[in-house]
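**Q** Just so it is clear, I am handing over run_2.txt, which has compact mmCIF, C-alpha atoms.
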```txt
# COMPACT_ATOMS: atom_id res chain seq x y z
CA MET Y 6 30.62 0.72 27.07
CA THR Y 7 27.75 3.16 27.17
CA LEU Y 8 27.03 5.96 24.76
CA LYS Y 9 27.33 9.58 25.76
CA PRO Y 10 23.91 11.12 26.41
CA PRO Y 11 22.74 13.59 23.77
CA HIS Y 12 23.02 17.30 24.39
CA PRO Y 13 19.80 19.00 25.52
CA PRO Y 14 17.62 19.71 22.46
CA THR Y 15 17.60 23.28 21.23
CA SER Y 16 14.88 25.20 19.45
CA LEU Y 17 16.03 25.55 15.84
CA ALA Y 18 14.52 27.15 12.78
CA LEU Y 19 15.62 24.72 10.08
CA THR Y 20 15.60 25.81 6.46
CA SER Y 21 16.12 23.60 3.44
CA GLN Y 22 17.47 24.28 -0.01
CA LEU Y 23 17.59 22.35 -3.27
CA THR Y 24 20.92 21.53 -4.83
CA PRO Y 25 21.45 22.16 -8.55
CA LEU Y 26 20.86 19.22 -10.85
CA HIS Y 27 23.91 16.98 -11.03
CA GLN Y 28 24.88 13.54 -12.26
CA CYS Y 29 23.42 10.78 -10.08
CA SER Y 30 26.13 8.82 -8.28
CA TYR Y 31 24.03 5.64 -8.36
CA LEU Y 32 22.59 5.88 -11.89
CA PRO Y 33 25.10 7.90 -13.96
CA ASP Y 34 22.74 8.26 -16.93
CA ARG Y 35 20.26 10.24 -14.79
CA ALA Y 36 20.17 13.67 -13.21
CA ALA Y 37 19.73 14.05 -9.45
CA ARG Y 38 18.78 16.75 -6.98
CA LEU Y 39 18.86 16.81 -3.18
CA GLU Y 40 16.91 18.62 -0.53
CA LEU Y 41 19.57 19.78 1.93
CA ILE Y 42 19.36 21.07 5.50
CA GLU Y 43 22.60 22.31 7.05
CA LEU Y 44 23.11 22.69 10.79
CA ALA Y 45 25.83 24.80 12.35
CA LYS Y 46 28.54 22.95 14.27
CA ASP Y 47 27.08 24.02 17.63
CA GLU Y 48 23.47 23.13 16.72
CA ARG Y 49 21.91 19.86 17.88
CA LEU Y 50 18.85 17.78 17.07
CA SER Y 51 17.39 15.61 19.83
CA THR Y 52 17.09 11.89 19.11
CA PRO Y 53 13.24 12.01 18.83
CA ILE Y 54 13.34 14.90 16.34
CA PHE Y 55 16.13 13.34 14.28
CA SER Y 56 14.23 10.04 14.29
CA GLN Y 57 11.23 11.78 12.74
CA PHE Y 58 13.46 13.02 9.92
CA SER Y 59 14.72 9.46 9.39
CA ARG Y 60 11.17 8.13 9.13
CA LEU Y 61 10.55 10.75 6.44
CA GLY Y 62 13.48 9.47 4.40
CA TYR Y 63 16.25 11.88 5.39
CA ARG Y 64 19.84 10.78 5.92
CA ARG Y 65 22.67 12.44 7.82
CA SER Y 66 26.05 13.32 6.35
CA GLY Y 67 28.15 15.24 8.86
CA GLN Y 68 26.22 18.40 9.75
CA HIS Y 69 23.73 17.95 6.90
CA LEU Y 70 20.34 16.31 6.54
CA TYR Y 71 19.49 15.34 2.99
CA ARG Y 72 17.11 13.34 0.84
CA PRO Y 73 16.76 12.94 -2.94
CA VAL Y 74 13.95 14.90 -4.59
CA CYS Y 75 14.12 13.35 -8.05
CA PHE Y 76 10.40 13.16 -8.74
CA HIS Y 77 10.98 11.88 -12.29
CA CYS Y 78 12.88 8.84 -10.94
CA GLN Y 79 12.24 8.12 -7.23
CA ARG Y 80 14.60 5.15 -7.24
CA CYS Y 81 16.55 6.12 -4.13
CA ILE Y 82 14.32 4.27 -1.68
CA SER Y 83 14.82 4.49 2.08
CA THR Y 84 14.95 0.99 3.53
CA ARG Y 85 14.91 -0.45 7.03
CA VAL Y 86 15.23 -4.01 8.34
CA VAL Y 87 12.62 -5.42 10.75
CA VAL Y 88 15.25 -6.80 13.11
CA ASN Y 89 13.15 -9.02 15.39
CA GLU Y 90 11.92 -11.04 12.41
CA PHE Y 91 15.22 -11.19 10.56
CA GLU Y 92 16.53 -14.73 9.99
CA PRO Y 93 20.04 -14.97 8.53
CA ASN Y 94 20.51 -17.21 5.53
CA ARG Y 95 23.12 -19.96 5.46
CA THR Y 96 25.91 -17.71 4.18
CA GLN Y 97 25.11 -15.05 6.75
CA ARG Y 98 25.06 -17.62 9.57
CA LYS Y 99 28.52 -18.87 8.62
CA LEU Y 100 29.80 -15.30 8.51
CA TRP Y 101 28.19 -14.51 11.86
CA GLN Y 102 30.19 -17.32 13.43
CA LYS Y 103 33.35 -15.46 12.44
CA SER Y 104 32.19 -12.44 14.41
CA HIS Y 105 33.07 -14.30 17.60
CA GLU Y 106 36.72 -13.90 16.63
CA MET Y 107 36.34 -10.13 16.89
CA ASP Y 108 35.80 -7.66 19.71
CA VAL Y 109 33.16 -4.99 19.10
CA VAL Y 110 33.53 -1.73 21.01
CA ILE Y 111 31.19 1.28 21.03
CA THR Y 112 32.99 4.63 21.13
CA ALA Y 113 32.03 8.27 20.71
CA CYS Y 114 32.66 9.95 17.35
CA ASP Y 115 34.59 12.67 19.20
CA ASP Y 116 37.16 10.05 20.25
CA ALA Y 117 38.25 9.33 16.68
CA ASP Y 118 42.01 9.53 16.24
CA GLU Y 119 44.68 8.94 13.62
CA SER Y 120 44.05 5.18 13.55
CA HIS Y 121 40.46 5.74 12.44
CA PHE Y 122 41.47 8.17 9.72
CA MET Y 123 44.25 5.94 8.42
CA LEU Y 124 41.85 3.00 8.17
CA TYR Y 125 39.33 5.21 6.36
CA ALA Y 126 42.02 6.49 3.98
CA ARG Y 127 43.17 2.97 3.09
CA TYR Y 128 39.58 1.93 2.45
CA ILE Y 129 38.81 4.91 0.20
CA CYS Y 130 42.01 4.45 -1.81
CA ALA Y 131 41.38 0.73 -2.32
CA ARG Y 132 37.62 0.69 -2.88
CA HIS Y 133 36.45 4.17 -3.93
CA SER Y 134 39.30 5.82 -5.84
CA ASP Y 135 36.74 6.80 -8.52
CA GLY Y 136 34.42 8.54 -6.05
CA ASP Y 137 34.06 12.08 -4.73
CA MET Y 138 35.75 11.19 -1.41
CA TYR Y 139 39.03 10.47 -3.20
CA PRO Y 140 41.68 11.45 -2.36
CA PRO Y 141 40.89 11.12 1.35
CA ASN Y 142 41.87 13.96 3.67
CA LEU Y 143 41.55 14.49 7.41
CA GLN Y 144 39.22 17.48 7.22
CA GLY Y 145 36.85 15.61 4.92
CA PHE Y 146 36.87 12.64 7.31
CA LYS Y 147 35.97 14.88 10.24
CA GLN Y 148 33.22 16.71 8.37
CA PHE Y 149 31.69 13.51 7.01
CA LEU Y 150 31.98 11.07 9.90
CA GLN Y 151 33.19 12.71 13.10
CA TYR Y 152 31.02 15.82 13.28
CA SER Y 153 27.40 15.12 14.19
CA PHE Y 154 24.42 17.15 15.37
CA THR Y 155 22.77 14.17 17.06
CA GLN Y 156 23.64 11.09 19.14
CA SER Y 157 26.11 9.23 16.95
CA PHE Y 158 28.75 6.62 17.67
CA PHE Y 159 31.44 4.41 16.18
CA MET Y 160 31.02 0.64 16.28
CA GLU Y 161 34.62 -0.57 16.21
CA PHE Y 162 35.65 -4.09 15.19
CA TRP Y 163 38.96 -5.34 16.56
CA LEU Y 164 40.81 -8.50 15.53
CA HIS Y 165 43.89 -9.50 17.52
CA ASP Y 166 44.24 -5.97 18.92
CA GLU Y 167 44.04 -4.44 15.44
CA LEU Y 168 41.25 -2.11 14.31
CA VAL Y 169 39.86 -3.68 11.13
CA MET Y 170 36.47 -2.00 10.66
CA VAL Y 171 34.35 0.93 11.84
CA ALA Y 172 30.60 1.26 11.36
CA VAL Y 173 29.38 4.81 11.96
CA CYS Y 174 25.85 4.82 13.42
CA ASP Y 175 23.16 7.28 14.50
CA GLN Y 176 20.95 6.44 17.46
CA LEU Y 177 17.19 6.67 16.78
CA ASP Y 178 14.21 6.19 19.04
CA ASP Y 179 13.12 3.19 16.94
CA GLY Y 180 16.54 1.70 16.15
CA ILE Y 181 19.79 2.89 14.64
CA SER Y 182 20.76 4.33 11.27
CA ALA Y 183 23.80 2.87 9.50
CA VAL Y 184 25.65 5.96 8.26
CA TYR Y 185 28.85 4.58 6.75
CA THR Y 186 31.17 1.61 7.16
CA PHE Y 187 34.87 1.45 6.29
CA TYR Y 188 37.31 -1.41 6.82
CA ASP Y 189 40.75 -2.81 6.17
CA PRO Y 190 40.78 -3.76 2.46
CA ASP Y 191 43.45 -6.39 3.23
CA ALA Y 192 41.59 -8.03 6.13
CA THR Y 193 41.64 -11.83 6.26
CA ILE Y 194 37.89 -12.00 6.98
CA ASN Y 195 35.75 -11.60 3.86
CA SER Y 196 32.41 -9.79 3.58
CA LEU Y 197 33.15 -7.36 6.37
CA GLY Y 198 30.37 -5.02 5.22
CA THR Y 199 27.80 -7.79 5.63
CA LEU Y 200 29.27 -8.65 9.02
CA ALA Y 201 28.82 -5.03 10.10
CA ILE Y 202 25.12 -5.14 9.18
CA LEU Y 203 24.61 -8.43 11.04
CA THR Y 204 26.26 -6.89 14.10
CA GLN Y 205 24.09 -3.79 13.83
CA ILE Y 206 20.97 -5.96 13.62
CA ASP Y 207 22.04 -7.82 16.75
CA TYR Y 208 22.78 -4.52 18.50
CA VAL Y 209 19.31 -3.13 17.73
CA LYS Y 210 17.72 -6.37 18.97
CA ARG Y 211 19.60 -6.02 22.24
CA LEU Y 212 18.27 -2.47 22.59
CA GLY Y 213 14.73 -3.82 22.19
CA LEU Y 214 14.06 -1.55 19.20
CA PRO Y 215 12.45 -2.53 15.88
CA TYR Y 216 14.54 -1.19 12.98
CA LEU Y 217 17.95 -0.92 11.40
CA TYR Y 218 17.88 1.87 8.80
CA LEU Y 219 20.17 0.99 5.89
CA GLY Y 220 19.87 4.18 3.86
CA PHE Y 221 18.85 4.12 0.22
CA TRP Y 222 18.26 0.99 -1.83
CA VAL Y 223 18.41 1.66 -5.57
CA PRO Y 224 16.74 -1.14 -7.58
CA ASP Y 225 18.82 -0.52 -10.72
CA SER Y 226 22.18 -0.19 -8.94
CA ASP Y 227 24.32 -3.32 -8.56
CA LYS Y 228 26.34 -1.81 -5.70
CA MET Y 229 23.12 -1.39 -3.68
CA ALA Y 230 21.91 -4.96 -4.28
CA TYR Y 231 23.29 -6.25 -0.96
CA LYS Y 232 20.65 -4.35 1.00
CA SER Y 233 17.87 -6.56 -0.38
CA ARG Y 234 19.48 -9.59 1.31
CA PHE Y 235 18.29 -8.43 4.75
CA TYR Y 236 14.58 -9.00 5.29
CA PRO Y 237 11.80 -8.58 6.26
CA SER Y 238 12.32 -5.03 5.12
CA GLU Y 239 10.24 -1.90 4.82
CA LEU Y 240 10.67 0.55 1.95
CA LEU Y 241 9.55 4.18 1.92
CA ILE Y 242 7.79 4.96 -1.36
CA ASN Y 243 5.74 8.13 -1.82
CA GLN Y 244 5.95 8.76 1.96
CA GLN Y 245 4.45 5.36 2.81
CA TRP Y 246 6.33 2.39 4.27
CA TYR Y 247 5.73 -0.89 2.39
CA ARG Y 248 6.71 -4.23 3.91
CA PHE Y 249 8.44 -7.04 1.99
CA ASP Y 250 8.88 -10.44 3.62
CA GLU Y 251 11.37 -11.77 1.07
CA ALA Y 252 14.30 -10.27 -0.81
CA VAL Y 253 12.70 -7.37 -2.66
CA THR Y 254 13.20 -7.07 -6.42
CA ALA Y 255 13.08 -4.21 -8.89
CA ALA Y 256 10.02 -5.78 -10.54
CA GLN Y 257 8.12 -5.68 -7.24
CA VAL Y 258 8.69 -1.99 -6.58
CA GLU Y 259 8.38 -0.72 -10.15
CA PRO Y 260 4.55 -0.42 -10.08
CA LEU Y 261 4.76 1.49 -6.79
CA LEU Y 262 7.39 3.84 -8.23
CA GLN Y 263 5.30 4.49 -11.33
CA GLN Y 264 2.29 5.27 -9.13
CA ALA Y 265 4.41 7.70 -7.10
CA ILE Y 266 5.68 9.48 -10.23
CA LYS Y 267 2.17 9.70 -11.64
CA ALA Y 268 0.78 11.04 -8.35
CA HIS Y 269 3.44 13.74 -8.23
CA TYR Y 270 2.74 15.06 -11.71
CA LEU Y 271 -1.04 14.84 -11.27
CA ASN Y 272 -0.68 16.91 -8.11
CA MET Y 273 1.44 19.47 -9.98
CA TRP Y 274 -1.19 19.60 -12.75
CA ASN Y 275 -4.03 20.11 -10.28
CA THR Y 276 -2.27 22.92 -8.41
CA THR Y 277 -1.32 24.99 -11.47
```
Translate the structure described by the file into structure tokens.
**A**
Amino acid sequence: MTLKPPHPPTSLALTSQLTPLHQCSYLPDRAARLELIELAKDERLSTPIFSQFSRLGYRRSGQHLYRPVCFHCQRCISTRVVVNEFEPNRTQRKLWQKSHEMDVVITACDDADESHFMLYARYICARHSDGDMYPPNLQGFKQFLQYSFTQSFFMEFWLHDELVMVAVCDQLDDGISAVYTFYDPDATINSLGTLAILTQIDYVKRLGLPYLYLGFWVPDSDKMAYKSRFYPSELLINQQWYRFDEAVTAAQVEPLLQQAIKAHYLNMWNTT
């Protein structure tokens, strides 16, 4: 199936705002703040413009663009996989073989129906009952995953005519951005999240594009550790992309983070 073409780009005057300080969802002992850009439901960003935002470290959530602006921490690091040089490890190869049991279908976000929401609701209740998306509701699902101001799509995974996983993706001019993945918590195939990433890597390769954007990797967060298993990777630190040919570690990025923090406060000192 082919994706729907994006709407014609419109001329927009985008304005950003900073959220109040709040508890970080990745590192609960730290405070966090986001830069937030909200688009109206009828406003669109062309794929090239949205791709520029992605290269600057922004993510999409529904009709919002956002990125962390925690200059004292800087541990939410945008990461992307260099897909043409990615070589799966033994565990990933065995899992990839299981993908042949499944049918993968690309559909438009606008085509989401009750089956998508019910799968999402089961996933949230089973895996994220302590998060801010619990309890799941239909309006929240639409605002978070169905509404989009750019060219977005659902990557559906079907097993024996049953929908078992959905990976929500944004099309970029240099790859795709993995927005969110939800799946059947009782599925017989393990490691479905990893399987979704392997499928997304393969999809980007088939498009002839260089990157899969995986969102933020947080060195000190165990639940983000899986992102370091896909490499070569590039990490955005202090608005510069750094390449890592092996699984990146917290010790490797710590000097770069300290340099970024120091540069920020030196710049503040010099401009006051």
**Q** What is the distance between CA of Leu32 (chain Y) and CA of Asp175 (chain Y), in Å to one decimal?
**A**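 CA of Leu32 (chain Y) sits 26.4 Å away from CA of Asp175 (chain Y).
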**Q** Applying 9 Å and only C-alpha atoms, which residues near region 255-271 of chain Y remain after dropping the ones on its own chain fewer than 6 positions away? List them as a short mmCIF file (atom, residue, chain, number, x, y, z; two decimals) with C-alpha atoms, keeping the file's coordinate frame.
**A**
```cif
data_model
loop_
_atom_site.label_atom_id
_atom_site.label_comp_id
_atom_site.auth_asym_id
_atom_site.auth_seq_id
_atom_site.Cartn_x
_atom_site.Cartn_y
_atom_site.Cartn_z
CA PHE Y 76 10.40 13.16 -8.74
CA HIS Y 77 10.98 11.88 -12.29
CA CYS Y 78 12.88 8.84 -10.94
CA GLN Y 79 12.24 8.12 -7.23
CA ARG Y 80 14.60 5.15 -7.24
CA VAL Y 223 18.41 1.66 -5.57
CA PRO Y 224 16.74 -1.14 -7.58
CA ASP Y 225 18.82 -0.52 -10.72
CA ILE Y 242 7.79 4.96 -1.36
CA ASN Y 243 5.74 8.13 -1.82
#
```
**Q** Smallest atom-to-atom distance to Arg98 (chain Y): which of Y:Thr254, Y:Thr204, Y:Leu23, Y:Leu150, using only C-alpha atoms?
**A**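 Looking only at the distances to Arg98 (chain Y), the closest residue turns out to be Y:Thr204.
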**Q** When distances are computed from all atoms listed in the file, which of Y:Pro33, Y:Pro93, Y:Pro53, Y:Pro190 shows the smallest separation from Glu251 (chain Y)?
**A**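 Of Y:Pro33, Y:Pro93, Y:Pro53, Y:Pro190, the one nearest Glu251 (chain Y), counting all atoms listed in the file, is Y:Pro93.
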**Q** Work out how far apart CA of Phe55 (chain Y) and CA of His133 (chain Y) are and give it in Å to one decimal.
**A**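 The value is 28.8 Å.
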**Q** May I ask for the distance between CA of Phe122 (chain Y) and CA of Phe149 (chain Y), given in Å to one decimal place?
**A**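 A separation of 11.5 Å between them.
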**Q** Just checking: using all atoms listed in the file, which residue out of Y:Val109, Y:Gln68, Y:Asp178, Y:Val74 ends up closest to Ala36 (chain Y)?
**A** Y:Val74
**Q** Rank Y:Gln22, Y:Thr276, Y:Asn94, Y:Ser66 by their smallest atom-to-atom distance to Gln148 (chain Y), using only C-alpha atoms, and report the top residue only.
**A** Y:Ser66
**Q** Nearest residue to Tyr152 (chain Y) out of Y:Arg234, Y:Lys228, Y:His105, Y:Lys46, using all atoms listed in the file?
**A** Y:Lys46
**Q** Please identify all polymer residues within 12 Å of Asn89 (chain Y), counting all atoms listed in the file, omitting same-chain residues fewer than 3 positions from it, and present them as a list of chain:residue names.
**A**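 Here the qualifying residues turn out to be Y:Val86, Y:Glu92, Y:Pro93, Y:Gly180, Y:Ile206, Y:Asp207, Y:Tyr208, Y:Val209, Y:Lys210, Y:Arg211, Y:Leu212, Y:Gly213, Y:Leu214, Y:Pro215, Y:Tyr216, Y:Leu217, Y:Phe235, Y:Tyr236, Y:Pro237, Y:Ser238.
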**Q** I'd like the contact shell of Leu240 (chain Y) - 9 Å cut-off, only C-alpha atoms, skipping same-chain residues fewer than 2 positions apart - returned as a VMD selection string.
**A** chain Y and resid 82 to 85 222 238 242 245 to 249
